[in-house]
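In what follows, a structure is listed as structure tokens, so that the remarks can point back to it.
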There are 2 protein chains.
Amino acid sequence: MQIGELSNITGVAAHTIRFYEARGLLPKSTRGSNGYRSYDQQSVRLLTIIQCAKRLGFKLENIAEFLGDAITSNADEKLDHDKLLQRLDVRLQEVDTLMATLEAQRSEILTFKQQLKNNLEQGQCLISMEILETA
Amino acid sequence: MQIGELSNITGVAAHTIRFYEARGLLPKSTRGSNGYRSYDQQSVRLLTIIQCAKRLGFKLENIAEFLGDAITSNADEKLDHDKLLQRLDVRLQEVDTLMATLEAQRSEILTFKQQLKNNLEQGQCLISMEILETA
DNA sequence: TATAAGTTTAAAGTATACTTTAAGGTCAAC
DNA sequence: GTTGACCTTAAAGTATACTTTAAACTTATA
């Protein structure tokens, strides 16, 4: 199939598919006699995997390595398995760190809102610089 | 004081201070006879506020608007108050949305890890494409 | 046959928050 | 008077994941 059909099937824009190829997420595609890229079911599966990895929050760079491992899997498949688990754990760490940051922001925002409400109840409608500085 | 001292006091790089001025987070600074920027305590306070707003996760663009409101506060100060609350609520929404995304990722990653472990226990050390596609 | 739809490439643009670079002027101290 | 620290500007670079643009070629349809 041509790039347009692959795009329709997977929901990934043709431009993006070429972009992924350039970034090494997809192998260099074979070409028809007219120079057009041609794809098959394996291409669909690869794009599906890429979309899945993106859902987990992996960067394209990681996905490229990741797929490189999976596709060019050599003798020791168990190593690949461990690598994959390792990558998942690294991402899990990142997610936890981000969540902690967001939780901190959330709590600071709520505190700040409360301060503003207190001010308002005391009839102070003016926002002083001080409250901003200490929030 | 000159930009270097302001930088030392606030911990914000001189380059970044110029950058903030260019982006409208800080007012156009007055200049000494030599053309050097000169600052005072108010500048320190403004930078402190900027750092605080950044901790809450606000974008520089929002901080610029935000400070514009606070500094050029006109007749109706209560409006500013409401605007501030509004901005905080918008940011709170963003934070909640991001947290939901991260939580979804977290749960998908854990599910995936479990699948890998099950495979491993069954003696399947090879990572098949299928498990990646469905994760 | 001409028009429309699909394909090709490389390069530039978008968004965010800076940092780095380059090339040069100013000032205090030795 | 020169060394070193500090200041100036504008432009480009960094990172990420694309999207947009331009200019051109191929194929299917009317």
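If you're wondering about the labels, chains in the structure tokens are A, B, ... by order shown, residues count from 1 in each chain, ligands from 1 in order shown.
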Show which residues sit within 8 Å of Ile3 in chain A, as a VMD selection string. Count only C-alpha atoms (C1' of nucleotides), and ignore same-chain residues fewer than 5 positions away.
-> chain A and resid 14 17 37 to 39
Neighbours of chain C in chain A at 8 Å, counting only C-alpha atoms (C1' of nucleotides), as a PyMOL selection string | chain A and resi 4+35-36
For all heavy atoms, I'd like the residues from the last selection saved as a compact mmCIF listing (two decimals), in the first residue's frame.
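The resulting result-v7.txt:
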# COMPACT_ATOMS: atom_id res chain seq x y z
N GLY A 4 -0.56 7.04 1.77
CA GLY A 4 -1.88 7.57 2.07
C GLY A 4 -2.77 6.54 2.73
O GLY A 4 -3.47 6.83 3.70
N GLY A 35 9.04 5.50 -7.33
CA GLY A 35 9.70 6.19 -6.23
C GLY A 35 8.81 6.37 -5.01
O GLY A 35 9.26 6.85 -3.96
N TYR A 36 7.55 5.99 -5.11
CA TYR A 36 6.63 6.10 -3.98
C TYR A 36 6.98 5.04 -2.93
O TYR A 36 7.35 3.92 -3.27
CB TYR A 36 5.18 5.88 -4.44
CG TYR A 36 4.58 6.99 -5.25
CD1 TYR A 36 5.37 8.04 -5.74
CD2 TYR A 36 3.23 7.00 -5.54
CE1 TYR A 36 4.80 9.05 -6.50
CE2 TYR A 36 2.65 8.03 -6.28
CZ TYR A 36 3.45 9.05 -6.77
OH TYR A 36 2.89 10.06 -7.51
Can you tell me, as number ranges by chain, what residues are no more than 9 Å from range 55-62 of chain B when counting only C-alpha atoms (C1' of nucleotides), ignoring any on the same chain fewer than 3 positions away?
-> A: 102, 104-106, 108-109; B: 20, 23-25, 50-52, 65-67, 87-88, 91, 95; C: 16-17
State, in Å with one decimal place, the distance from CA of Leu85 in chain B to CA of Glu21 in chain B.
->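 We find that CA of Leu85 in chain B and CA of Glu21 in chain B lie 25.3 Å from each other.
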Residue list for chain D near chain B as a PyMOL selection string, 10 Å, only C-alpha atoms (C1' of nucleotides) | chain D and resi 6-8
